[in-house]
>>> print(open('model_38.cif').read())   # mmCIF, C-alpha atoms
data_input
#
loop_
_atom_site.group_PDB
_atom_site.id
_atom_site.type_symbol
_atom_site.label_atom_id
_atom_site.label_comp_id
_atom_site.auth_asym_id
_atom_site.auth_seq_id
_atom_site.Cartn_x
_atom_site.Cartn_y
_atom_site.Cartn_z
ATOM 1 C CA TYR B 54 -131.887 9.441 80.706
ATOM 2 C CA ALA B 55 -132.528 7.240 77.643
ATOM 3 C CA ARG B 56 -134.735 4.905 79.730
ATOM 4 C CA TYR B 57 -137.458 7.509 80.036
ATOM 5 C CA GLY B 58 -138.141 8.052 76.364
ATOM 6 C CA LYS B 59 -136.743 9.722 73.296
ATOM 7 C CA ILE B 60 -134.089 12.386 73.483
ATOM 8 C CA THR B 61 -135.610 15.838 73.145
ATOM 9 C CA ILE B 62 -134.411 18.592 70.813
ATOM 10 C CA PRO B 63 -132.970 20.715 73.678
ATOM 11 C CA ALA B 64 -131.019 17.665 74.865
ATOM 12 C CA VAL B 65 -129.641 17.116 71.357
ATOM 13 C CA TRP B 66 -128.361 20.695 71.206
ATOM 14 C CA LEU B 67 -126.880 20.291 74.694
ATOM 15 C CA PHE B 68 -124.940 17.222 73.541
ATOM 16 C CA VAL B 69 -123.794 19.030 70.388
ATOM 17 C CA PHE B 70 -122.581 21.951 72.500
ATOM 18 C CA LEU B 71 -120.761 19.660 74.935
ATOM 19 C CA GLY B 72 -119.358 17.549 72.120
ATOM 20 C CA TRP B 73 -117.873 20.458 70.194
ATOM 21 C CA SER B 74 -116.508 21.991 73.403
ATOM 22 C CA PHE B 75 -114.829 18.688 74.214
ATOM 23 C CA VAL B 76 -113.314 18.378 70.716
ATOM 24 C CA THR B 77 -111.772 21.849 70.832
ATOM 25 C CA THR B 78 -110.589 21.366 74.412
ATOM 26 C CA PHE B 79 -109.073 17.915 73.861
ATOM 27 C CA PHE B 80 -107.400 18.476 70.488
ATOM 28 C CA LEU B 81 -106.356 22.114 70.858
ATOM 29 C CA SER B 82 -104.892 24.065 73.767
ATOM 30 C CA GLY B 83 -107.752 23.684 76.249
ATOM 31 C CA ASN B 84 -107.688 22.173 79.732
ATOM 32 C CA THR B 85 -109.475 18.814 79.660
ATOM 33 C CA LEU B 86 -109.669 18.394 83.443
ATOM 34 C CA SER B 87 -111.327 21.796 83.851
ATOM 35 C CA TYR B 88 -113.753 20.862 81.086
ATOM 36 C CA TYR B 89 -114.818 17.722 82.983
ATOM 37 C CA GLN B 90 -115.109 19.600 86.289
ATOM 38 C CA VAL B 91 -117.298 22.342 84.806
ATOM 39 C CA PHE B 92 -119.398 20.764 82.081
ATOM 40 C CA LEU B 93 -120.211 17.277 83.350
ATOM 41 C CA PRO B 94 -122.088 18.542 86.447
ATOM 42 C CA VAL B 95 -123.850 21.129 84.272
ATOM 43 C CA ALA B 96 -124.903 18.461 81.758
ATOM 44 C CA ALA B 97 -126.112 16.127 84.504
ATOM 45 C CA MET B 98 -128.117 18.904 86.183
ATOM 46 C CA ALA B 99 -129.647 20.037 82.876
ATOM 47 C CA LEU B 100 -130.793 16.518 82.003
ATOM 48 C CA LEU B 101 -132.089 15.934 85.532
ATOM 49 C CA ILE B 102 -134.125 19.153 85.425
ATOM 50 C CA GLU B 103 -135.534 18.249 82.022
ATOM 51 C CA LEU B 104 -136.617 14.829 83.284
ATOM 52 C CA ALA B 105 -138.177 16.372 86.368
ATOM 53 C CA ILE B 106 -140.099 18.902 84.275
ATOM 54 C CA ILE B 107 -141.367 16.249 81.860
ATOM 55 C CA TYR B 108 -142.338 13.619 84.419
ATOM 56 C CA LYS B 109 -142.495 15.112 87.916
ATOM 57 C CA GLY B 110 -142.297 18.891 87.796
ATOM 58 C CA TYR B 111 -143.758 19.237 91.268
ATOM 59 C CA ALA B 112 -140.916 17.166 92.733
ATOM 60 C CA LEU B 113 -138.340 19.504 91.201
ATOM 61 C CA LEU B 114 -140.060 22.607 92.557
ATOM 62 C CA ASP B 115 -140.381 21.136 96.036
ATOM 63 C CA ALA B 116 -136.720 20.133 95.985
ATOM 64 C CA VAL B 117 -135.667 23.664 95.006
ATOM 65 C CA ALA B 118 -137.371 24.993 98.156
ATOM 66 C CA VAL B 119 -134.432 23.598 100.129
ATOM 67 C CA PHE B 120 -132.153 26.177 98.496
ATOM 68 C CA ARG B 121 -133.871 29.044 100.317
ATOM 69 C CA ILE B 122 -131.811 27.942 103.330
ATOM 70 C CA TYR B 123 -128.686 28.855 101.356
ATOM 71 C CA LEU B 124 -130.164 32.272 100.576
ATOM 72 C CA TYR B 125 -130.751 32.974 104.274
ATOM 73 C CA ILE B 126 -127.369 31.679 105.464
ATOM 74 C CA ASN B 127 -125.578 33.631 102.739
ATOM 75 C CA PHE B 128 -127.466 36.787 103.748
ATOM 76 C CA LEU B 129 -126.572 36.376 107.432
ATOM 77 C CA LEU B 130 -122.903 35.834 106.590
ATOM 78 C CA ILE B 131 -122.878 39.003 104.490
ATOM 79 C CA ILE B 132 -124.415 41.013 107.340
ATOM 80 C CA LEU B 133 -122.072 39.562 109.968
ATOM 81 C CA PHE B 134 -118.868 39.457 107.893
ATOM 82 C CA ARG B 135 -119.002 42.405 105.522
ATOM 83 C CA GLN B 136 -115.452 41.849 104.225
ATOM 84 C CA GLY B 137 -116.067 38.222 103.300
ATOM 85 C CA VAL B 138 -115.759 34.744 104.813
ATOM 86 C CA SER B 139 -113.785 32.401 102.562
ATOM 87 C CA GLY B 140 -111.895 35.334 101.015
ATOM 88 C CA PRO B 141 -112.277 39.041 100.215
ATOM 89 C CA GLU B 142 -115.927 39.665 99.285
ATOM 90 C CA ARG B 143 -116.636 35.928 99.151
ATOM 91 C CA TRP B 144 -119.475 34.320 101.077
ATOM 92 C CA LEU B 145 -121.468 31.086 100.928
ATOM 93 C CA LEU B 146 -122.743 31.725 97.384
ATOM 94 C CA GLY B 147 -119.382 32.871 96.091
ATOM 95 C CA TYR B 148 -117.783 36.125 95.037
ATOM 96 C CA ARG B 149 -120.016 39.206 95.080
ATOM 97 C CA ASN B 150 -120.158 39.616 91.285
ATOM 98 C CA MET B 151 -121.253 35.982 90.904
ATOM 99 C CA GLN B 152 -123.944 35.889 93.593
ATOM 100 C CA SER B 153 -126.716 36.813 91.160
ATOM 101 C CA TRP B 154 -125.883 33.735 89.057
ATOM 102 C CA THR B 155 -127.264 31.584 91.875
ATOM 103 C CA ILE B 156 -129.741 33.886 93.592
ATOM 104 C CA LEU B 157 -131.848 34.881 90.571
ATOM 105 C CA PRO B 158 -132.428 31.348 89.180
ATOM 106 C CA VAL B 159 -133.278 30.003 92.650
ATOM 107 C CA VAL B 160 -135.701 32.855 93.361
ATOM 108 C CA THR B 161 -137.328 32.337 89.964
ATOM 109 C CA LEU B 162 -138.020 28.678 90.748
ATOM 110 C CA LEU B 163 -139.282 29.582 94.225
ATOM 111 C CA VAL B 164 -141.736 32.084 92.701
ATOM 112 C CA ILE B 165 -142.935 29.496 90.174
ATOM 113 C CA ARG B 166 -143.380 27.026 93.027
ATOM 114 C CA ALA B 167 -145.475 29.542 95.009
ATOM 115 C CA PHE B 168 -147.854 30.164 92.114
ATOM 116 C CA TRP B 169 -148.029 26.449 91.337
ATOM 117 C CA LYS B 170 -148.896 25.478 94.947
ATOM 118 C CA PHE B 171 -150.857 28.485 96.179
ATOM 119 C CA GLY B 172 -151.855 30.453 93.093
ATOM 120 C CA LYS B 173 -150.131 33.532 94.555
ATOM 121 C CA LEU B 174 -146.986 34.719 96.307
ATOM 122 C CA ASP B 175 -147.050 33.363 99.836
ATOM 123 C CA ILE B 176 -145.384 35.121 102.765
ATOM 124 C CA VAL B 177 -142.300 32.890 102.724
ATOM 125 C CA THR B 178 -141.673 33.514 99.009
ATOM 126 C CA VAL B 179 -142.104 37.275 99.507
ATOM 127 C CA LEU B 180 -139.456 36.983 102.232
ATOM 128 C CA ASP B 181 -137.253 35.084 99.774
ATOM 129 C CA LEU B 182 -137.584 37.941 97.293
ATOM 130 C CA MET B 183 -136.837 40.589 99.937
ATOM 131 C CA ILE B 184 -133.799 38.746 101.285
ATOM 132 C CA SER B 185 -132.460 38.216 97.761
ATOM 133 C CA LEU B 186 -132.968 41.846 96.757
ATOM 134 C CA ILE B 187 -131.345 43.167 99.953
ATOM 135 C CA THR B 188 -128.431 40.783 99.437
ATOM 136 C CA LEU B 189 -127.781 42.064 95.924
ATOM 137 C CA ILE B 190 -127.972 45.653 97.167
ATOM 138 C CA VAL B 191 -125.695 45.150 100.173
ATOM 139 C CA ILE B 192 -122.884 43.427 98.266
ATOM 140 C CA LYS B 193 -122.556 46.553 96.072
ATOM 141 C CA SER B 194 -121.956 44.729 92.822
ATOM 142 C CA ALA B 195 -122.854 46.724 89.715
ATOM 143 C CA THR B 196 -122.964 43.452 87.790
ATOM 144 C CA SER B 197 -125.594 42.068 90.161
ATOM 145 C CA TRP B 198 -127.516 45.345 90.158
ATOM 146 C CA VAL B 199 -127.886 45.274 86.382
ATOM 147 C CA GLY B 200 -128.994 41.636 86.500
ATOM 148 C CA ALA B 201 -131.474 42.326 89.296
ATOM 149 C CA PHE B 202 -132.872 45.370 87.479
ATOM 150 C CA VAL B 203 -133.546 43.386 84.299
ATOM 151 C CA TYR B 204 -134.967 40.533 86.391
ATOM 152 C CA LEU B 205 -137.374 42.858 88.218
ATOM 153 C CA ILE B 206 -138.650 44.280 84.922
ATOM 154 C CA PHE B 207 -139.550 40.852 83.592
ATOM 155 C CA PHE B 208 -140.850 39.739 86.975
ATOM 156 C CA CYS B 209 -143.265 42.681 87.134
ATOM 157 C CA ILE B 210 -144.423 42.122 83.553
ATOM 158 C CA SER B 211 -145.040 38.426 84.266
ATOM 159 C CA LEU B 212 -146.860 39.187 87.513
ATOM 160 C CA ILE B 213 -149.126 41.781 85.870
ATOM 161 C CA CYS B 214 -149.957 39.393 83.023
ATOM 162 C CA TYR B 215 -150.725 36.627 85.506
ATOM 163 C CA LYS B 216 -153.024 38.865 87.545
ATOM 164 C CA LYS B 217 -154.893 39.970 84.427
ATOM 165 C CA ARG B 218 -154.977 36.404 83.060
ATOM 166 C CA LYS B 219 -153.238 37.542 79.907
ATOM 167 C CA ALA B 220 -150.372 35.986 77.983
ATOM 168 C CA ILE B 221 -146.945 37.564 78.237
ATOM 169 C CA PRO B 222 -146.386 39.856 75.204
ATOM 170 C CA GLY B 223 -144.956 37.928 72.274
ATOM 171 C CA ILE B 224 -142.004 40.283 71.960
ATOM 172 C CA ILE B 225 -140.670 38.967 75.278
ATOM 173 C CA ASN B 226 -138.962 35.710 74.323
ATOM 174 C CA LEU B 227 -135.519 34.128 74.313
ATOM 175 C CA PHE B 228 -134.854 34.965 70.659
ATOM 176 C CA ASP B 229 -135.513 38.691 71.135
ATOM 177 C CA GLY B 230 -133.500 38.621 74.351
ATOM 178 C CA LEU B 231 -130.580 37.092 72.463
ATOM 179 C CA ALA B 232 -130.922 39.742 69.745
ATOM 180 C CA VAL B 233 -130.763 42.535 72.342
ATOM 181 C CA SER B 234 -127.710 40.899 73.932
ATOM 182 C CA VAL B 235 -125.970 40.739 70.554
ATOM 183 C CA LEU B 236 -126.711 44.432 69.953
ATOM 184 C CA PHE B 237 -125.236 45.385 73.335
ATOM 185 C CA PHE B 238 -122.236 43.142 72.658
ATOM 186 C CA ALA B 239 -121.572 44.757 69.289
ATOM 187 C CA GLY B 240 -122.169 48.297 70.538
ATOM 188 C CA ILE B 241 -120.157 48.152 73.766
ATOM 189 C CA VAL B 242 -117.574 45.383 73.402
ATOM 190 C CA VAL B 243 -116.775 45.722 69.694
ATOM 191 C CA PHE B 244 -117.565 49.347 68.776
ATOM 192 C CA LYS B 245 -116.979 50.929 72.222
ATOM 193 C CA LEU B 246 -120.147 53.054 72.312
ATOM 194 C CA GLN B 247 -120.282 53.106 76.115
ATOM 195 C CA ALA B 248 -119.303 56.798 76.126
ATOM 196 C CA VAL B 249 -122.940 57.495 75.251
ATOM 197 C CA PHE B 250 -123.929 56.034 78.637
ATOM 198 C CA GLU B 251 -121.109 57.690 80.594
ATOM 199 C CA PRO B 252 -123.401 59.753 82.881
ATOM 200 C CA LEU B 253 -125.333 56.613 83.888
ATOM 201 C CA ILE B 254 -122.214 54.490 84.307
ATOM 202 C CA VAL B 255 -120.348 57.089 86.384
ATOM 203 C CA SER B 256 -123.138 58.598 88.493
ATOM 204 C CA VAL B 257 -125.318 55.537 89.119
ATOM 205 C CA PHE B 258 -122.949 52.559 89.044
ATOM 206 C CA HIS B 259 -119.829 54.512 90.120
ATOM 207 C CA ARG B 260 -117.693 52.959 87.397
ATOM 208 C CA ASP B 261 -115.592 54.480 84.646
ATOM 209 C CA ILE B 262 -116.387 53.801 81.005
ATOM 210 C CA SER B 263 -113.737 51.070 80.948
ATOM 211 C CA PHE B 264 -116.106 49.093 83.219
ATOM 212 C CA THR B 265 -113.349 48.622 85.832
ATOM 213 C CA GLY B 266 -110.806 47.539 83.260
ATOM 214 C CA ARG B 267 -113.076 45.223 81.335
ATOM 215 C CA THR B 268 -112.488 47.039 78.054
ATOM 216 C CA ARG B 269 -108.822 46.023 78.257
ATOM 217 C CA VAL B 270 -109.584 42.341 78.632
ATOM 218 C CA TRP B 271 -112.198 42.596 75.863
ATOM 219 C CA ASP B 272 -109.554 43.979 73.513
ATOM 220 C CA MET B 273 -107.121 41.201 74.422
ATOM 221 C CA ALA B 274 -109.859 38.577 73.982
ATOM 222 C CA LEU B 275 -110.819 39.993 70.572
ATOM 223 C CA GLN B 276 -107.194 39.832 69.469
ATOM 224 C CA TYR B 277 -107.019 36.203 70.601
ATOM 225 C CA ILE B 278 -110.265 35.416 68.764
ATOM 226 C CA ARG B 279 -108.897 36.911 65.531
ATOM 227 C CA GLU B 280 -106.168 34.287 65.690
ATOM 228 C CA HIS B 281 -108.565 31.413 66.543
ATOM 229 C CA TRP B 282 -111.808 32.644 64.977
ATOM 230 C CA LEU B 283 -113.089 29.404 63.435
ATOM 231 C CA VAL B 284 -112.827 26.716 66.122
ATOM 232 C CA GLY B 285 -111.451 28.545 69.149
ATOM 233 C CA ALA B 286 -108.889 26.975 71.447
ATOM 234 C CA GLY B 287 -110.890 24.942 73.957
ATOM 235 C CA TYR B 288 -111.964 25.495 77.554
ATOM 236 C CA LEU B 289 -109.333 27.171 79.728
ATOM 237 C CA LYS B 290 -108.989 27.315 83.506
ATOM 238 C CA ARG B 291 -108.675 30.509 85.550
ATOM 239 C CA ALA B 292 -104.870 30.481 85.772
ATOM 240 C CA GLU B 293 -104.581 30.085 82.007
ATOM 241 C CA TYR B 294 -106.852 33.069 81.398
ATOM 242 C CA ILE B 295 -104.846 35.200 83.849
ATOM 243 C CA LYS B 296 -101.656 34.270 81.999
ATOM 244 C CA LEU B 297 -103.311 34.906 78.648
ATOM 245 C CA PHE B 298 -104.545 38.371 79.713
ATOM 246 C CA PRO B 299 -101.535 40.082 81.385
ATOM 247 C CA ASP B 300 -102.326 43.381 83.092
ATOM 248 C CA ASP B 301 -100.520 45.544 85.638
ATOM 249 C CA VAL B 302 -103.688 46.437 87.583
ATOM 250 C CA PHE B 303 -106.240 43.614 87.317
ATOM 251 C CA GLN B 304 -106.289 39.835 87.076
ATOM 252 C CA TYR B 305 -108.696 38.486 84.483
ATOM 253 C CA PRO B 306 -109.806 34.876 85.192
ATOM 254 C CA HIS B 307 -112.188 34.996 82.203
ATOM 255 C CA PRO B 308 -113.043 37.397 79.325
ATOM 256 C CA HIS B 309 -115.896 39.054 81.284
ATOM 257 C CA ASN B 310 -118.302 38.485 78.403
ATOM 258 C CA TYR B 311 -120.364 35.428 77.480
ATOM 259 C CA PHE B 312 -119.983 35.786 73.713
ATOM 260 C CA LEU B 313 -116.225 36.289 73.972
ATOM 261 C CA SER B 314 -116.001 33.186 76.167
ATOM 262 C CA LEU B 315 -117.878 31.141 73.575
ATOM 263 C CA LEU B 316 -115.712 32.419 70.715
ATOM 264 C CA MET B 317 -112.491 31.717 72.610
ATOM 265 C CA GLN B 318 -113.711 28.281 73.591
ATOM 266 C CA GLY B 319 -115.154 27.047 70.293
ATOM 267 C CA GLY B 320 -114.953 29.791 67.687
ATOM 268 C CA ILE B 321 -117.840 30.812 65.465
ATOM 269 C CA VAL B 322 -118.851 27.148 65.284
ATOM 270 C CA LEU B 323 -119.699 27.044 68.997
ATOM 271 C CA LEU B 324 -121.340 30.476 68.816
ATOM 272 C CA GLY B 325 -123.527 29.181 65.991
ATOM 273 C CA ILE B 326 -124.492 26.096 68.025
ATOM 274 C CA VAL B 327 -125.569 28.243 70.974
ATOM 275 C CA THR B 328 -127.551 30.712 68.872
#
>>> encode(input="model_38.cif", output="structure tokens")
Amino acid sequence: YARYGKITIPAVWLFVFLGWSFVTTFFLSGNTLSYYQVFLPVAAMALLIELAIIYKGYALLDAVAVFRIYLYINFLLIILFRQGVSGPERWLLGYRNMQSWTILPVVTLLVIRAFWKFGKLDIVTVLDLMISLITLIVIKSATSWVGAFVYLIFFCISLICYKKRKAIPGIINLFDGLAVSVLFFAGIVVFKLQAVFEPLIVSVFHRDISFTGRTRVWDMALQYIREHWLVGAGYLKRAEYIKLFPDDVFQYPHPHNYFLSLLMQGGIVLLGIVT
């Protein structure tokens, strides 16, 4: 990476994030092996993408086109094996609640590639979008539905702005998105205001206001964070989270919230680095 020029500001923050996560994991109660398995591939991919964008963006976009094969195979497996393949509700792209983590980023890059190469959405990319949307509907994951709904809003706004040759409104940016996320985090996870949205949660998403037991793990995570609020306790593996969050009904392999995960992993220091 250093061969190709100076280290960029985003790369510096990535190294700071990884460095602090390693310190808390290695010197506290984290799992070092899990840290290596999770973060080293992520760091390598992030740096590779940054290099590709800076020097050969077209090569990155063409390479991403290969991933549409995974979208199609995953879709066929879901249609043919409705109960799952590698486990209950698990297919090629993972567990149903985690499918959107892969599908939405890949589709985004495929859409960017279409506009870059053709100046419009070509038939194949439209098919990609349809297959992805049907997949997220069929797997019946409320988590994926919320993600897809937000994605479609921003996709439509971006498409309209592109057609009219106008810039995307300034209010739509990462900082404002983070601010909205923090507000939802404080309102729902900390202050438990989800009762206000009970009709939507129950009638549309068919969930109770505990979000299928998530409020219980949030409370346990908050209690843990109160005891390790400054520097956290390092990166933990799934089995350690399940042991840390005992429950008679559900198993919790993680805190089910990004901000809680950051606070447990590296305390307010890591949260400050990310923000």
>>> residues_around(input="model_38.cif", residues="segment 305-321 of chain B", least_positions_apart="6", cutoff="7 Å", atoms="all atoms listed in the file", output="number ranges by chain")
B: 74, 77, 267, 270-271, 274, 278, 281-288, 291-292, 294-295, 298
>>> closest_residue(input="model_38.cif", among="B:Phe120, B:Ser82, B:Phe228, B:Cys214", to="Leu297 of chain B", atoms="all atoms listed in the file")
B:Ser82
>>> resolve_selection(input="model_38.cif", expression="the PyMOL selection byres ((chain B and resi 91) around 12)", output="list in words")
Leu71, Ser74, Phe75, Asn84, Thr85, Leu86, Ser87, Tyr88, Tyr89, Gln90, Phe92, Leu93, Pro94, Val95, Ala96, Ala97, Met98, Tyr288, Leu289, Lys290 and Arg291 of chain B
>>> write_last_selection(input="model_38.cif", atoms="C-alpha atoms", output="PDB file, keeping the file's coordinate frame")
ATOM      1  CA  LEU B  71    -120.761  19.660  74.935  1.00  0.00           C
ATOM      2  CA  SER B  74    -116.508  21.991  73.403  1.00  0.00           C
ATOM      3  CA  PHE B  75    -114.829  18.688  74.214  1.00  0.00           C
ATOM      4  CA  ASN B  84    -107.688  22.173  79.732  1.00  0.00           C
ATOM      5  CA  THR B  85    -109.475  18.814  79.660  1.00  0.00           C
ATOM      6  CA  LEU B  86    -109.669  18.394  83.443  1.00  0.00           C
ATOM      7  CA  SER B  87    -111.327  21.796  83.851  1.00  0.00           C
ATOM      8  CA  TYR B  88    -113.753  20.862  81.086  1.00  0.00           C
ATOM      9  CA  TYR B  89    -114.818  17.722  82.983  1.00  0.00           C
ATOM     10  CA  GLN B  90    -115.109  19.600  86.289  1.00  0.00           C
ATOM     11  CA  PHE B  92    -119.398  20.764  82.081  1.00  0.00           C
ATOM     12  CA  LEU B  93    -120.211  17.277  83.350  1.00  0.00           C
ATOM     13  CA  PRO B  94    -122.088  18.542  86.447  1.00  0.00           C
ATOM     14  CA  VAL B  95    -123.850  21.129  84.272  1.00  0.00           C
ATOM     15  CA  ALA B  96    -124.903  18.461  81.758  1.00  0.00           C
ATOM     16  CA  ALA B  97    -126.112  16.127  84.504  1.00  0.00           C
ATOM     17  CA  MET B  98    -128.117  18.904  86.183  1.00  0.00           C
ATOM     18  CA  TYR B 288    -111.964  25.495  77.554  1.00  0.00           C
ATOM     19  CA  LEU B 289    -109.333  27.171  79.728  1.00  0.00           C
ATOM     20  CA  LYS B 290    -108.989  27.315  83.506  1.00  0.00           C
ATOM     21  CA  ARG B 291    -108.675  30.509  85.550  1.00  0.00           C
TER      22      ARG B 291
END
>>> closest_residue(input="model_38.cif", among="B:Ile122, B:Pro299, B:Gly137, B:Met151", to="Ile184 of chain B", atoms="all atoms listed in the file")
B:Ile122
>>> closest_residue(input="model_38.cif", among="B:Leu113, B:Val233, B:Leu212, B:Val322", to="Gly172 of chain B", atoms="only C-alpha atoms")
B:Leu212
>>> resolve_selection(input="model_38.cif", expression="the PyMOL selection byres ((chain B and resi 129) around 12)", output="PyMOL selection string")
chain B and resi 122-128+130-135+137-138+144-146+184-185+187-188+191
>>> write_last_selection(input="model_38.cif", atoms="C-alpha atoms", output="CSV table (one decimal), in the coordinates of the input")
chain,number,residue,atom,x,y,z
B,122,ILE,CA,-131.8,27.9,103.3
B,123,TYR,CA,-128.7,28.9,101.4
B,124,LEU,CA,-130.2,32.3,100.6
B,125,TYR,CA,-130.8,33.0,104.3
B,126,ILE,CA,-127.4,31.7,105.5
B,127,ASN,CA,-125.6,33.6,102.7
B,128,PHE,CA,-127.5,36.8,103.7
B,130,LEU,CA,-122.9,35.8,106.6
B,131,ILE,CA,-122.9,39.0,104.5
B,132,ILE,CA,-124.4,41.0,107.3
B,133,LEU,CA,-122.1,39.6,110.0
B,134,PHE,CA,-118.9,39.5,107.9
B,135,ARG,CA,-119.0,42.4,105.5
B,137,GLY,CA,-116.1,38.2,103.3
B,138,VAL,CA,-115.8,34.7,104.8
B,144,TRP,CA,-119.5,34.3,101.1
B,145,LEU,CA,-121.5,31.1,100.9
B,146,LEU,CA,-122.7,31.7,97.4
B,184,ILE,CA,-133.8,38.7,101.3
B,185,SER,CA,-132.5,38.2,97.8
B,187,ILE,CA,-131.3,43.2,100.0
B,188,THR,CA,-128.4,40.8,99.4
B,191,VAL,CA,-125.7,45.2,100.2
>>> build_atoms(input="model_38.cif", residues="segment 75-91 of chain B", atoms="N, CA and C atoms", output="PDB file, in the coordinates of the input")
ATOM      1  N   PHE B  75    -115.812  19.720  73.876  1.00  0.00           N
ATOM      2  CA  PHE B  75    -114.829  18.688  74.214  1.00  0.00           C
ATOM      3  C   PHE B  75    -113.796  18.535  73.103  1.00  0.00           C
ATOM      4  N   VAL B  76    -114.232  18.535  71.851  1.00  0.00           N
ATOM      5  CA  VAL B  76    -113.314  18.378  70.716  1.00  0.00           C
ATOM      6  C   VAL B  76    -112.268  19.490  70.717  1.00  0.00           C
ATOM      7  N   THR B  77    -112.723  20.744  70.849  1.00  0.00           N
ATOM      8  CA  THR B  77    -111.772  21.849  70.832  1.00  0.00           C
ATOM      9  C   THR B  77    -110.860  21.829  72.058  1.00  0.00           C
ATOM     10  N   THR B  78    -111.393  21.416  73.192  1.00  0.00           N
ATOM     11  CA  THR B  78    -110.589  21.366  74.412  1.00  0.00           C
ATOM     12  C   THR B  78    -109.551  20.255  74.346  1.00  0.00           C
ATOM     13  N   PHE B  79    -109.950  19.085  73.865  1.00  0.00           N
ATOM     14  CA  PHE B  79    -109.073  17.915  73.861  1.00  0.00           C
ATOM     15  C   PHE B  79    -107.982  18.022  72.794  1.00  0.00           C
ATOM     16  N   PHE B  80    -108.346  18.483  71.601  1.00  0.00           N
ATOM     17  CA  PHE B  80    -107.400  18.476  70.488  1.00  0.00           C
ATOM     18  C   PHE B  80    -106.631  19.784  70.325  1.00  0.00           C
ATOM     19  N   LEU B  81    -107.069  20.846  70.979  1.00  0.00           N
ATOM     20  CA  LEU B  81    -106.356  22.114  70.858  1.00  0.00           C
ATOM     21  C   LEU B  81    -105.659  22.431  72.177  1.00  0.00           C
ATOM     22  N   SER B  82    -105.689  23.674  72.596  1.00  0.00           N
ATOM     23  CA  SER B  82    -104.892  24.065  73.767  1.00  0.00           C
ATOM     24  C   SER B  82    -105.715  24.201  75.034  1.00  0.00           C
ATOM     25  N   GLY B  83    -106.895  23.575  75.083  1.00  0.00           N
ATOM     26  CA  GLY B  83    -107.752  23.684  76.249  1.00  0.00           C
ATOM     27  C   GLY B  83    -107.302  22.797  77.399  1.00  0.00           C
ATOM     28  N   ASN B  84    -107.996  22.941  78.537  1.00  0.00           N
ATOM     29  CA  ASN B  84    -107.688  22.173  79.732  1.00  0.00           C
ATOM     30  C   ASN B  84    -108.789  21.133  79.933  1.00  0.00           C
ATOM     31  N   THR B  85    -108.470  19.877  79.648  1.00  0.00           N
ATOM     32  CA  THR B  85    -109.475  18.814  79.660  1.00  0.00           C
ATOM     33  C   THR B  85    -110.041  18.583  81.054  1.00  0.00           C
ATOM     34  N   LEU B  86    -109.203  18.621  82.075  1.00  0.00           N
ATOM     35  CA  LEU B  86    -109.669  18.394  83.443  1.00  0.00           C
ATOM     36  C   LEU B  86    -110.676  19.473  83.847  1.00  0.00           C
ATOM     37  N   SER B  87    -110.388  20.718  83.534  1.00  0.00           N
ATOM     38  CA  SER B  87    -111.327  21.796  83.851  1.00  0.00           C
ATOM     39  C   SER B  87    -112.635  21.622  83.100  1.00  0.00           C
ATOM     40  N   TYR B  88    -112.536  21.116  81.859  1.00  0.00           N
ATOM     41  CA  TYR B  88    -113.753  20.862  81.086  1.00  0.00           C
ATOM     42  C   TYR B  88    -114.643  19.859  81.809  1.00  0.00           C
ATOM     43  N   TYR B  89    -114.046  18.742  82.265  1.00  0.00           N
ATOM     44  CA  TYR B  89    -114.818  17.722  82.983  1.00  0.00           C
ATOM     45  C   TYR B  89    -115.435  18.306  84.253  1.00  0.00           C
ATOM     46  N   GLN B  90    -114.648  19.068  85.005  1.00  0.00           N
ATOM     47  CA  GLN B  90    -115.109  19.600  86.289  1.00  0.00           C
ATOM     48  C   GLN B  90    -116.268  20.584  86.122  1.00  0.00           C
ATOM     49  N   VAL B  91    -116.279  21.318  85.013  1.00  0.00           N
ATOM     50  CA  VAL B  91    -117.298  22.342  84.806  1.00  0.00           C
ATOM     51  C   VAL B  91    -118.512  21.796  84.069  1.00  0.00           C
TER      52      VAL B  91
END
